[in-house]
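Engineer: Got a structure for you, input_30.cif, holding mmCIF, C-alpha atoms and all ligand atoms.
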```cif
data_start
#
loop_
_atom_site.label_atom_id
_atom_site.label_comp_id
_atom_site.auth_asym_id
_atom_site.auth_seq_id
_atom_site.Cartn_x
_atom_site.Cartn_y
_atom_site.Cartn_z
CA MET A 1 -59.50 -27.94 -118.72
CA LEU A 2 -59.14 -31.49 -117.40
CA TYR A 3 -62.33 -33.54 -117.89
CA ASP A 4 -62.98 -36.40 -115.49
CA ALA A 5 -63.95 -38.58 -118.46
CA LEU A 6 -63.79 -38.29 -122.20
CA ILE A 7 -66.10 -40.59 -124.15
CA ILE A 8 -65.05 -41.30 -127.71
CA GLY A 9 -68.08 -42.35 -129.77
CA GLY A 10 -71.53 -40.92 -129.04
CA SER A 11 -73.92 -43.66 -130.10
CA TYR A 12 -75.65 -46.51 -128.21
CA ALA A 13 -72.67 -47.52 -126.05
CA GLY A 14 -71.02 -44.12 -125.62
CA LEU A 15 -74.17 -42.16 -124.78
CA SER A 16 -75.39 -44.88 -122.40
CA GLY A 17 -72.07 -44.76 -120.56
CA ALA A 18 -71.95 -40.97 -120.65
CA VAL A 19 -75.33 -40.50 -119.00
CA GLN A 20 -74.30 -42.67 -116.03
CA ILE A 21 -71.20 -40.56 -115.43
CA ALA A 22 -73.06 -37.33 -116.19
CA ARG A 23 -75.47 -37.99 -113.35
CA SER A 24 -72.59 -37.70 -110.87
CA GLY A 25 -72.27 -34.04 -111.88
CA ARG A 26 -68.63 -34.50 -112.90
CA PRO A 27 -67.32 -32.68 -116.00
CA ILE A 28 -67.27 -35.00 -119.00
CA CYS A 29 -66.99 -34.63 -122.75
CA VAL A 30 -68.39 -36.80 -125.57
CA LEU A 31 -66.79 -36.79 -129.02
CA ASP A 32 -68.69 -38.27 -131.95
CA GLY A 33 -68.16 -38.78 -135.66
CA GLY A 34 -71.90 -39.25 -136.41
CA GLN A 35 -71.58 -42.62 -138.18
CA PRO A 36 -73.45 -45.26 -136.14
CA ARG A 37 -73.06 -48.78 -137.49
CA ASN A 38 -76.76 -49.25 -138.28
CA ARG A 39 -77.13 -45.99 -140.22
CA PHE A 40 -77.78 -48.05 -143.39
CA ALA A 41 -81.04 -49.45 -141.98
CA THR A 42 -84.29 -47.49 -142.23
CA HIS A 43 -85.55 -48.87 -138.93
CA SER A 44 -83.98 -50.42 -135.84
CA HIS A 45 -85.71 -53.32 -134.12
CA GLY A 46 -85.69 -55.02 -130.75
CA PHE A 47 -84.57 -52.09 -128.58
CA PHE A 48 -86.53 -51.64 -125.34
CA GLY A 49 -89.35 -49.15 -125.93
CA GLN A 50 -88.01 -48.11 -129.35
CA ASP A 51 -88.92 -51.01 -131.65
CA GLY A 52 -89.16 -49.79 -135.25
CA GLN A 53 -87.66 -46.36 -134.53
CA THR A 54 -85.10 -44.91 -136.96
CA PRO A 55 -81.50 -45.30 -135.75
CA ARG A 56 -80.83 -41.56 -136.02
CA ALA A 57 -83.97 -40.67 -134.02
CA MET A 58 -82.94 -43.03 -131.20
CA ILE A 59 -79.50 -41.46 -131.00
CA ALA A 60 -80.90 -37.92 -131.29
CA GLN A 61 -83.18 -38.63 -128.29
CA ALA A 62 -80.28 -39.97 -126.24
CA ARG A 63 -78.21 -36.91 -127.12
CA ALA A 64 -81.07 -34.60 -126.14
CA ASP A 65 -81.36 -36.44 -122.81
CA LEU A 66 -77.64 -35.96 -122.20
CA ALA A 67 -77.77 -32.29 -123.19
CA ALA A 68 -79.95 -31.65 -120.12
CA TYR A 69 -76.85 -32.12 -117.93
CA PRO A 70 -74.86 -28.85 -117.79
CA ASN A 71 -71.66 -30.69 -116.84
CA VAL A 72 -71.60 -32.47 -120.26
CA THR A 73 -69.83 -31.12 -123.32
CA PHE A 74 -70.71 -32.73 -126.67
CA ILE A 75 -68.43 -32.18 -129.65
CA ALA A 76 -69.47 -33.56 -133.04
CA THR A 77 -65.90 -34.10 -134.20
CA PRO A 78 -63.90 -37.33 -134.36
CA ALA A 79 -60.78 -37.90 -132.31
CA THR A 80 -57.65 -38.68 -134.32
CA GLN A 81 -54.92 -39.17 -131.73
CA ALA A 82 -54.75 -40.44 -128.17
CA ARG A 83 -51.80 -40.59 -125.77
CA ARG A 84 -51.06 -40.73 -122.07
CA GLU A 85 -49.36 -37.64 -120.68
CA GLY A 86 -48.25 -38.22 -117.08
CA ASP A 87 -51.36 -38.78 -114.99
CA HIS A 88 -53.94 -38.03 -117.67
CA PHE A 89 -54.82 -38.64 -121.34
CA SER A 90 -54.59 -36.15 -124.20
CA ILE A 91 -56.87 -36.50 -127.21
CA THR A 92 -56.42 -34.61 -130.45
CA LEU A 93 -59.52 -33.91 -132.55
CA ALA A 94 -59.84 -33.74 -136.33
CA SER A 95 -60.23 -29.96 -135.83
CA GLY A 96 -56.69 -29.84 -134.37
CA ASP A 97 -57.92 -29.06 -130.82
CA THR A 98 -56.56 -31.10 -127.93
CA LEU A 99 -58.59 -32.19 -124.90
CA HIS A 100 -57.42 -33.69 -121.62
CA ALA A 101 -59.13 -36.20 -119.35
CA GLN A 102 -58.42 -38.41 -116.34
CA LYS A 103 -60.17 -41.42 -117.88
CA LEU A 104 -61.27 -42.52 -121.34
CA LEU A 105 -64.25 -44.53 -122.51
CA LEU A 106 -63.72 -45.87 -126.03
CA ALA A 107 -67.09 -46.54 -127.73
CA TYR A 108 -66.30 -45.83 -131.36
CA GLY A 109 -67.76 -49.04 -132.77
CA VAL A 110 -66.73 -51.08 -135.76
CA ILE A 111 -66.88 -50.91 -139.54
CA ASP A 112 -68.46 -53.76 -141.51
CA LEU A 113 -66.28 -55.15 -144.29
CA LEU A 114 -68.69 -56.65 -146.81
CA PRO A 115 -68.03 -59.29 -149.48
CA GLU A 116 -67.07 -57.58 -152.74
CA THR A 117 -69.89 -59.25 -154.72
CA PRO A 118 -71.41 -56.49 -156.92
CA GLY A 119 -74.72 -55.22 -155.52
CA VAL A 120 -74.10 -56.13 -151.87
CA ALA A 121 -72.89 -52.73 -150.58
CA GLU A 122 -75.79 -50.64 -151.95
CA ARG A 123 -78.37 -53.00 -150.37
CA TRP A 124 -76.69 -53.30 -146.95
CA GLY A 125 -79.22 -52.83 -144.14
CA GLN A 126 -82.17 -52.97 -146.57
CA THR A 127 -82.31 -56.27 -148.47
CA VAL A 128 -78.79 -57.46 -147.66
CA LEU A 129 -78.94 -58.17 -143.92
CA HIS A 130 -76.84 -59.71 -141.21
CA CYS A 131 -78.98 -60.10 -138.11
CA PRO A 132 -82.30 -61.97 -138.11
CA TYR A 133 -83.27 -60.51 -134.71
CA CYS A 134 -82.87 -57.01 -136.18
CA HIS A 135 -84.56 -57.52 -139.54
CA GLY A 136 -85.74 -61.13 -139.90
CA TYR A 137 -89.37 -60.49 -138.93
CA GLU A 138 -89.80 -58.10 -141.87
CA VAL A 139 -88.75 -60.81 -144.38
CA ARG A 140 -90.25 -63.86 -142.64
CA GLY A 141 -91.71 -66.46 -144.97
CA LYS A 142 -89.99 -64.89 -147.98
CA ARG A 143 -87.30 -66.30 -150.28
CA LEU A 144 -84.12 -66.00 -148.20
CA GLY A 145 -80.49 -66.58 -149.09
CA VAL A 146 -77.33 -66.80 -146.99
CA LEU A 147 -74.07 -65.92 -148.72
CA SER A 148 -71.23 -68.00 -147.30
CA ALA A 149 -68.48 -65.62 -146.22
CA LEU A 150 -67.12 -66.75 -142.83
CA PRO A 151 -66.82 -70.11 -141.03
CA HIS A 152 -69.93 -69.30 -138.97
CA SER A 153 -72.05 -68.57 -142.08
CA THR A 154 -73.32 -72.15 -141.75
CA HIS A 155 -74.66 -71.33 -138.26
CA GLN A 156 -76.19 -68.18 -139.67
CA ALA A 157 -78.03 -70.31 -142.27
CA LEU A 158 -79.36 -72.70 -139.58
CA LEU A 159 -80.56 -69.75 -137.51
CA ILE A 160 -82.19 -67.90 -140.37
CA SER A 161 -84.09 -70.98 -141.48
CA ASP A 162 -86.36 -70.20 -138.51
CA TRP A 163 -87.59 -67.17 -140.50
CA GLY A 164 -88.11 -68.82 -143.91
CA ARG A 165 -86.82 -71.24 -146.50
CA VAL A 166 -83.09 -70.71 -146.96
CA THR A 167 -80.72 -71.30 -149.84
CA PHE A 168 -77.06 -71.34 -148.81
CA PHE A 169 -74.77 -69.93 -151.53
CA LEU A 170 -71.29 -71.40 -151.24
CA ASN A 171 -69.84 -68.56 -153.31
CA GLY A 172 -66.38 -70.11 -153.52
CA GLN A 173 -66.27 -71.22 -149.86
CA PRO A 174 -65.82 -74.91 -148.97
CA LEU A 175 -68.79 -77.27 -148.82
CA PRO A 176 -69.89 -77.73 -145.17
CA ASP A 177 -68.97 -81.09 -143.60
CA ALA A 178 -71.37 -84.06 -143.51
CA THR A 179 -72.65 -83.23 -140.00
CA MET A 180 -73.53 -79.70 -141.03
CA LEU A 181 -75.12 -80.88 -144.29
CA ALA A 182 -77.30 -83.28 -142.27
CA LYS A 183 -78.41 -80.33 -140.09
CA PHE A 184 -79.10 -78.33 -143.26
CA ALA A 185 -81.26 -81.18 -144.56
CA GLU A 186 -83.21 -81.29 -141.27
CA ARG A 187 -83.90 -77.56 -141.56
CA GLY A 188 -84.76 -77.73 -145.30
CA ILE A 189 -81.74 -75.63 -146.32
CA GLU A 190 -80.59 -76.10 -149.92
CA VAL A 191 -76.98 -75.57 -150.99
CA GLU A 192 -76.19 -73.71 -154.24
CA PRO A 193 -72.55 -74.40 -155.21
CA GLU A 194 -72.31 -71.86 -158.05
CA THR A 195 -70.60 -68.51 -157.40
CA VAL A 196 -72.81 -65.42 -157.08
CA VAL A 197 -71.59 -62.84 -159.59
CA GLY A 198 -74.06 -60.08 -158.72
CA LEU A 199 -77.29 -59.01 -157.08
CA GLU A 200 -80.13 -57.81 -159.33
CA GLY A 201 -83.17 -55.54 -158.93
CA GLU A 202 -83.58 -51.83 -158.35
CA ALA A 203 -81.34 -51.18 -155.31
CA PRO A 204 -81.95 -51.15 -152.42
CA GLY A 205 -84.65 -53.60 -153.55
CA LEU A 206 -83.63 -57.13 -154.48
CA ASP A 207 -85.07 -59.40 -157.18
CA GLY A 208 -82.45 -62.11 -156.87
CA VAL A 209 -78.86 -63.11 -157.58
CA ARG A 210 -77.11 -63.91 -160.85
CA LEU A 211 -74.92 -67.03 -160.76
CA ALA A 212 -71.65 -67.58 -162.64
CA ASP A 213 -73.28 -70.13 -164.98
CA GLY A 214 -75.83 -67.49 -166.05
CA ARG A 215 -78.79 -68.73 -164.01
CA PHE A 216 -80.93 -66.19 -162.15
CA PHE A 217 -81.99 -67.15 -158.60
CA PRO A 218 -84.97 -65.14 -157.24
CA LEU A 219 -84.62 -63.89 -153.65
CA ASP A 220 -86.26 -61.29 -151.39
CA ALA A 221 -83.39 -60.94 -148.93
CA LEU A 222 -79.80 -62.09 -148.71
CA PHE A 223 -78.10 -62.54 -145.31
CA VAL A 224 -74.33 -62.01 -145.08
CA ALA A 225 -71.96 -62.25 -142.11
CA SER A 226 -69.59 -59.29 -142.39
CA ARG A 227 -66.01 -59.10 -141.21
CA ILE A 228 -65.44 -56.18 -138.86
CA ARG A 229 -62.63 -53.82 -137.97
CA PRO A 230 -62.46 -51.10 -135.31
CA ALA A 231 -63.71 -47.72 -136.59
CA SER A 232 -60.52 -46.05 -135.30
CA ASP A 233 -56.97 -46.96 -134.29
CA LEU A 234 -57.07 -44.93 -131.04
CA ALA A 235 -56.93 -48.07 -128.86
CA GLU A 236 -53.88 -49.21 -130.79
CA GLN A 237 -52.23 -45.80 -130.26
CA LEU A 238 -52.85 -46.18 -126.52
CA GLY A 239 -51.43 -49.72 -126.51
CA CYS A 240 -54.71 -51.51 -125.60
CA ALA A 241 -54.67 -55.27 -126.18
CA SER A 242 -57.05 -56.85 -128.72
CA GLU A 243 -58.51 -60.32 -129.05
CA GLU A 244 -59.68 -62.20 -132.13
CA GLY A 245 -63.46 -62.56 -132.43
CA PRO A 246 -65.37 -64.65 -135.00
CA GLN A 247 -65.69 -61.65 -137.34
CA GLY A 248 -62.43 -59.83 -136.63
CA GLN A 249 -60.48 -57.96 -133.98
CA LEU A 250 -62.21 -56.89 -130.77
CA LEU A 251 -60.83 -54.81 -127.94
CA HIS A 252 -60.01 -56.85 -124.86
CA THR A 253 -61.70 -55.67 -121.64
CA ASP A 254 -61.90 -57.14 -118.14
CA ALA A 255 -65.09 -57.65 -116.13
CA THR A 256 -65.13 -53.92 -115.27
CA LYS A 257 -64.85 -52.95 -118.96
CA GLN A 258 -61.32 -51.63 -118.43
CA THR A 259 -58.92 -52.34 -121.29
CA SER A 260 -55.37 -53.58 -120.72
CA VAL A 261 -54.36 -49.91 -120.28
CA PRO A 262 -55.33 -48.61 -116.80
CA GLY A 263 -57.82 -45.75 -117.01
CA VAL A 264 -59.00 -46.66 -120.51
CA TYR A 265 -62.44 -48.29 -120.62
CA ALA A 266 -64.27 -49.62 -123.70
CA ALA A 267 -67.82 -50.64 -124.54
CA GLY A 268 -70.15 -51.65 -127.35
CA ASP A 269 -69.48 -53.40 -130.65
CA LEU A 270 -65.81 -52.58 -130.31
CA THR A 271 -65.68 -55.19 -127.53
CA ALA A 272 -66.94 -58.74 -127.16
CA ARG A 273 -70.08 -57.60 -125.27
CA GLY A 274 -71.59 -55.68 -128.19
CA GLY A 275 -73.37 -57.02 -131.27
CA ASN A 276 -76.67 -55.19 -131.19
CA ALA A 277 -77.89 -51.83 -130.00
CA SER A 278 -79.35 -53.10 -126.71
CA LEU A 279 -76.20 -55.05 -125.83
CA ALA A 280 -74.05 -52.05 -126.76
CA ALA A 281 -76.18 -49.75 -124.60
CA ALA A 282 -76.06 -52.15 -121.64
CA ASP A 283 -72.32 -52.52 -122.08
CA GLY A 284 -71.98 -48.74 -122.12
CA VAL A 285 -73.92 -48.43 -118.86
CA TRP A 286 -71.64 -50.96 -117.22
CA ALA A 287 -68.50 -49.25 -118.51
CA GLY A 288 -69.78 -45.82 -117.43
CA VAL A 289 -70.55 -47.03 -113.90
CA SER A 290 -67.16 -48.75 -113.64
CA LEU A 291 -65.29 -45.73 -114.96
CA HIS A 292 -67.10 -43.41 -112.56
CA GLN A 293 -66.40 -45.63 -109.56
CA SER A 294 -62.74 -45.91 -110.51
CA LEU A 295 -62.53 -42.11 -110.09
CA ILE A 296 -63.41 -42.67 -106.44
CA PHE A 297 -62.04 -46.07 -105.52
CA GLY A 298 -59.13 -46.38 -107.95
CA PRO A 299 -58.79 -49.26 -110.41
CA LEU A 300 -61.58 -51.77 -109.83
CA SER A 301 -59.84 -55.02 -110.61
CA LYS A 302 -62.03 -56.78 -108.05
CA LEU A 303 -65.22 -54.93 -108.84
CA GLU A 304 -67.52 -57.35 -107.03
CA GLN A 305 -66.07 -56.13 -103.74
CA VAL A 306 -67.33 -52.62 -104.43
CA ILE A 307 -70.66 -52.82 -106.27
CA PRO A 308 -73.09 -55.59 -107.12
CA ALA A 309 -72.13 -57.01 -110.48
CA PRO A 310 -75.17 -58.32 -112.37
CA VAL A 311 -73.29 -58.94 -115.62
CA GLN A 312 -70.66 -61.00 -113.87
CA ALA A 313 -73.01 -63.95 -113.43
CA ALA A 314 -71.47 -67.19 -114.69
CA ALA A 315 -71.06 -67.14 -118.45
CA PRO A 316 -73.43 -69.51 -120.29
CA SER A 317 -71.76 -72.71 -121.44
CA SER A 318 -72.71 -72.02 -125.04
CA VAL A 319 -72.39 -68.41 -126.14
CA PRO A 320 -75.05 -67.18 -128.61
CA LEU A 321 -73.77 -66.12 -132.00
CA ARG A 322 -72.75 -62.48 -132.13
CA THR A 323 -75.16 -61.09 -134.71
C1 LIG B 1 -77.17 -52.69 -141.18
C2 LIG B 1 -77.28 -52.85 -139.69
C3 LIG B 1 -78.52 -52.85 -139.08
C4 LIG B 1 -78.61 -53.03 -137.71
N1 LIG B 1 -79.87 -53.08 -137.14
C5 LIG B 1 -79.99 -53.26 -135.80
C6 LIG B 1 -81.29 -53.35 -135.21
O1 LIG B 1 -82.32 -53.29 -135.89
N2 LIG B 1 -81.34 -53.54 -133.87
C7 LIG B 1 -80.22 -53.64 -133.08
O2 LIG B 1 -80.34 -53.80 -131.88
N3 LIG B 1 -78.98 -53.54 -133.63
C8 LIG B 1 -78.84 -53.36 -134.97
N4 LIG B 1 -77.59 -53.29 -135.54
C9 LIG B 1 -76.40 -53.36 -134.66
C10 LIG B 1 -76.12 -51.95 -134.08
O3 LIG B 1 -76.00 -51.02 -135.14
C11 LIG B 1 -74.82 -51.94 -133.29
O4 LIG B 1 -74.80 -53.03 -132.38
C12 LIG B 1 -74.68 -50.64 -132.51
O5 LIG B 1 -74.71 -49.55 -133.41
C13 LIG B 1 -73.37 -50.62 -131.73
O6 LIG B 1 -73.33 -49.46 -130.97
P1 LIG B 1 -71.94 -48.77 -130.60
O7 LIG B 1 -72.30 -47.59 -129.78
O8 LIG B 1 -71.00 -49.78 -130.06
O9 LIG B 1 -71.30 -48.32 -131.99
P2 LIG B 1 -71.90 -47.36 -133.19
O10 LIG B 1 -73.38 -47.33 -133.04
O11 LIG B 1 -71.32 -47.90 -134.41
O12 LIG B 1 -71.35 -45.95 -132.79
C14 LIG B 1 -70.00 -45.60 -132.82
C15 LIG B 1 -69.94 -44.09 -132.89
O13 LIG B 1 -68.58 -43.68 -132.71
C16 LIG B 1 -68.27 -42.72 -133.70
N5 LIG B 1 -66.82 -42.71 -133.95
C17 LIG B 1 -66.08 -43.57 -134.68
N6 LIG B 1 -64.77 -43.21 -134.66
C18 LIG B 1 -64.71 -42.10 -133.88
C19 LIG B 1 -63.66 -41.26 -133.47
N7 LIG B 1 -62.38 -41.49 -133.86
N8 LIG B 1 -63.94 -40.20 -132.70
C20 LIG B 1 -65.22 -39.94 -132.28
N9 LIG B 1 -66.26 -40.72 -132.65
C21 LIG B 1 -66.01 -41.79 -133.43
C22 LIG B 1 -69.06 -43.15 -134.91
O14 LIG B 1 -69.17 -42.08 -135.83
C23 LIG B 1 -70.38 -43.55 -134.25
O15 LIG B 1 -71.25 -42.47 -134.10
C24 LIG B 1 -77.45 -53.16 -136.92
C25 LIG B 1 -76.20 -53.14 -137.53
C26 LIG B 1 -76.11 -53.00 -138.90
C27 LIG B 1 -74.75 -53.02 -139.55
#
```
Could you spell out this file's structure in structure tokens?
Ligand SMILES: Cc1cc2nc3c(=O)[nH]c(=O)nc-3n(C[C@H](O)[C@H](O)[C@H](O)COP(=O)(O)OP(=O)(O)OC[C@H]3O[C@@H](n4cnc5c(N)ncnc54)[C@H](O)[C@@H]3O)c2cc1C

Structural biologist:
Amino acid sequence: MLYDALIIGGSYAGLSGAVQIARSGRPICVLDGGQPRNRFATHSHGFFGQDGQTPRAMIAQARADLAAYPNVTFIATPATQARREGDHFSITLASGDTLHAQKLLLAYGVIDLLPETPGVAERWGQTVLHCPYCHGYEVRGKRLGVLSALPHSTHQALLISDWGRVTFFLNGQPLPDATMLAKFAERGIEVEPETVVGLEGEAPGLDGVRLADGRFFPLDALFVASRIRPASDLAEQLGCASEEGPQGQLLHTDATKQTSVPGVYAAGDLTARGGNASLAAADGVWAGVSLHQSLIFGPLSKLEQVIPAPVQAAAPSSVPLRT
């Protein structure tokens, strides 16, 4: 069977894109590995109508909504190989089966690469956090730390100081420049130069961090900017171009969410438009609509001539930090 679209990744971006295409009645298939990025968090925050819901429950609801469309096939198996074969794409699954589709939507997300400091990994999403919009409210006014890990960790510290008093742990990274230190002083952020050798407390709880000189520093939450990498190399196999983002490689897409390979679309955290569940879902909607219309009109390199393009409004001059 030749599907009109095969969606790889069935979470916020993939399911949001899938439902748009599904509503055309065309045959589509969603493949999913069942590992959404926020699975480490007990609750998800800030999503329209779902604030405080568990990540798995949100995704289960979206899957149930999609299951109402008889033209949709859902397979809970990851894809392992992707290639173009003449006028369509062939995707091999971990089960060994091969599926064929006219168009692809890649929505398989990213993997967070955390600092190797002992105690970070087992607290990720609970007391070791990355996004203040997702989890800052729950720790507001508490003793907060930011572990320096990436160049934009300094911006993370400035941002998080809106939620509580912040200590910035250099942890082997260079001291911020004088301008940044002046901003830190304005925001009441203290700098701790000693290396953090471990997190303490009964995980996933946090009592504080142990420093290399033996001192114990009490904390309720530690924010860390992770590096990221794509959750799969399927885009690479297909020859899709990437771009470097502040945290790692992202898949390059045009305004229609098409990658550099015609017929291959991408959405969510895998691309520059992701970063949180709402953005990933919105991105998925846009990619789904674009993919569907390309089945009718052909490649939509000048999309604005075909459909109104709300997300193509002029980009803001300063882009908010990707959380
Ligand atoms: C700890 C933590 C907490 C967070 N909390 C919040 C929050 O409170 N609010 C918020 O808005 N955002 C939050 N986020 C961000 C949010 O998780 C992501 O922005 C969102 O999950 C991105 O959606 P996505 O669909 O692009 O990717 P994901 O949700 O990561 O989904 C990708 C899906 O693709 C699947 N997949 C991967 N490889 C393959 C393959 N080869 N074949 C088939 N399927 C594959 C995966 O198994 C997964 O199911 C949090 C992130 C983290 C790390």

Engineer: Write out as a list in words which residues come within 6 Å of stretch 281-290 of chain A when counting only C-alpha atoms, dropping same-chain ones fewer than 5 positions away.

Structural biologist: Tyr12, Ala13, Gly14, Ser16, Gly17, Gln20, Ile21, Thr256, Lys257, Ala267 and Gly268 of chain A

Engineer: What is the distance, in Å and to one decimal place, between atom CA of A:Gly275 and atom CA of A:Arg143?

Structural biologist: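 Going from atom CA of A:Gly275 over to atom CA of A:Arg143, I get 25.3 Å.
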
Engineer: If you measure from atom CA of A:Asn71 to atom CA of A:Pro27, what distance in Å do you get, rounded to one decimal?

Structural biologist: 4.8 Å

Engineer: Suppose you want the space between atom CA of A:Thr167 and atom CA of A:Arg140; what is it in Å?

Structural biologist: 14.1 Å

Engineer: Would you list the contacts of A:Leu158 as a list in words, taking every protein, DNA or RNA residue within 9 Å and counting all atoms listed in the file, but skipping same-chain residues closer than 5 positions in sequence?

Structural biologist: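 Neighbouring residues, sequence-local ones excluded: Ser153, Val166, Lys183, Phe184, Arg187 and Ile189 of chain A.
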
Engineer: Given the selection you just returned, output its residues as a file containing C-alpha atoms, formatted as a PDB file, in the coordinates of the input.

Structural biologist:
```pdb
ATOM      1  CA  SER A 153     -72.050 -68.570-142.080  1.00  0.00           C
ATOM      2  CA  VAL A 166     -83.090 -70.710-146.960  1.00  0.00           C
ATOM      3  CA  LYS A 183     -78.410 -80.330-140.090  1.00  0.00           C
ATOM      4  CA  PHE A 184     -79.100 -78.330-143.260  1.00  0.00           C
ATOM      5  CA  ARG A 187     -83.900 -77.560-141.560  1.00  0.00           C
ATOM      6  CA  ILE A 189     -81.740 -75.630-146.320  1.00  0.00           C
TER       7      ILE A 189
END
```

Engineer: May I ask which of the residues A:Thr154, A:Ser232, A:Ser161, A:Gln237 is the closest one to A:Phe89, counting all atoms listed in the file?

Structural biologist: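 The answer is A:Gln237, which sits nearest to A:Phe89.
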
Engineer: Skip A:Thr117 itself and residues of its chain fewer than 2 positions away, then list as a ChimeraX atom specification all residues within 8 Å of it, counting only C-alpha atoms.

Structural biologist: /A:115,119-120,196-199

Engineer: So, counting only C-alpha atoms and all ligand atoms, which residue among A:Ala76, A:Val146, A:Ala182, A:Leu222 is closest to ligand LIG 1 (chain B)?

Structural biologist: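 Of A:Ala76, A:Val146, A:Ala182, A:Leu222, the one nearest ligand LIG 1 (chain B) is A:Ala76, counting only C-alpha atoms and all ligand atoms.
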
Engineer: When distances are computed from all atoms listed in the file, which of A:Gly136, A:Gly10, A:Pro193, A:Gly96 shows the smallest separation from ligand LIG 1 (chain B)?

Structural biologist: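 Checking each candidate against ligand LIG 1 (chain B), we get A:Gly10 as the closest.
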
Engineer: Of the candidates A:His88, A:Lys142, A:His135, A:Arg123, which shows the shortest atom-to-atom distance to ligand LIG 1 (chain B), using all atoms listed in the file?

Structural biologist: A:His135

Engineer: Would you list the contacts of A:Gly125 as number ranges by chain, taking every protein, DNA or RNA residue within 8 Å and counting only C-alpha atoms, but skipping same-chain residues closer than 3 positions in sequence?

Structural biologist: A: 38, 40-42, 128-130

Engineer: Would you please work out which residue, of A:Ala107, A:Leu211, A:Leu6, A:Leu181, is nearest to A:Asp269 when using all atoms listed in the file?

Structural biologist: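 Of all the options, A:Ala107 lies closest to A:Asp269.
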
Engineer: Can you tell me, as a PDB file with C-alpha atoms, in the frame of the given file, what residues are no more than 9 Å from A:Pro132 when counting all atoms listed in the file, ignoring any on the same chain fewer than 3 positions away?

Structural biologist:
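Wrote it out as part21.pdb, contents follow:
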```pdb
ATOM      1  CA  LEU A 129     -78.940 -58.170-143.920  1.00  0.00           C
ATOM      2  CA  HIS A 135     -84.560 -57.520-139.540  1.00  0.00           C
ATOM      3  CA  GLY A 136     -85.740 -61.130-139.900  1.00  0.00           C
ATOM      4  CA  TYR A 137     -89.370 -60.490-138.930  1.00  0.00           C
ATOM      5  CA  GLN A 156     -76.190 -68.180-139.670  1.00  0.00           C
ATOM      6  CA  LEU A 159     -80.560 -69.750-137.510  1.00  0.00           C
ATOM      7  CA  ILE A 160     -82.190 -67.900-140.370  1.00  0.00           C
ATOM      8  CA  TRP A 163     -87.590 -67.170-140.500  1.00  0.00           C
ATOM      9  CA  PHE A 223     -78.100 -62.540-145.310  1.00  0.00           C
ATOM     10  CA  THR A 323     -75.160 -61.090-134.710  1.00  0.00           C
TER      11      THR A 323
END
```

Engineer: Out of A:Ala79, A:Asp97, A:Asp220, A:Asp213, which residue has the shortest atom-to-atom distance to A:Gly141 when counting all atoms listed in the file?

Structural biologist: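 With all atoms listed in the file as the atom set, the closest residue is A:Asp220.
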
Engineer: Edge lengths and centre in Å to one decimal, as JSON, of the axis-aligned box that encloses all listed atoms of stretch 284-291 of chain A with 6 Å added on every side?

Structural biologist:
```
{"center_x": -69.6, "center_y": -48.3, "center_z": -117.9, "size_x": 20.6, "size_y": 17.2, "size_z": 20.5}
```
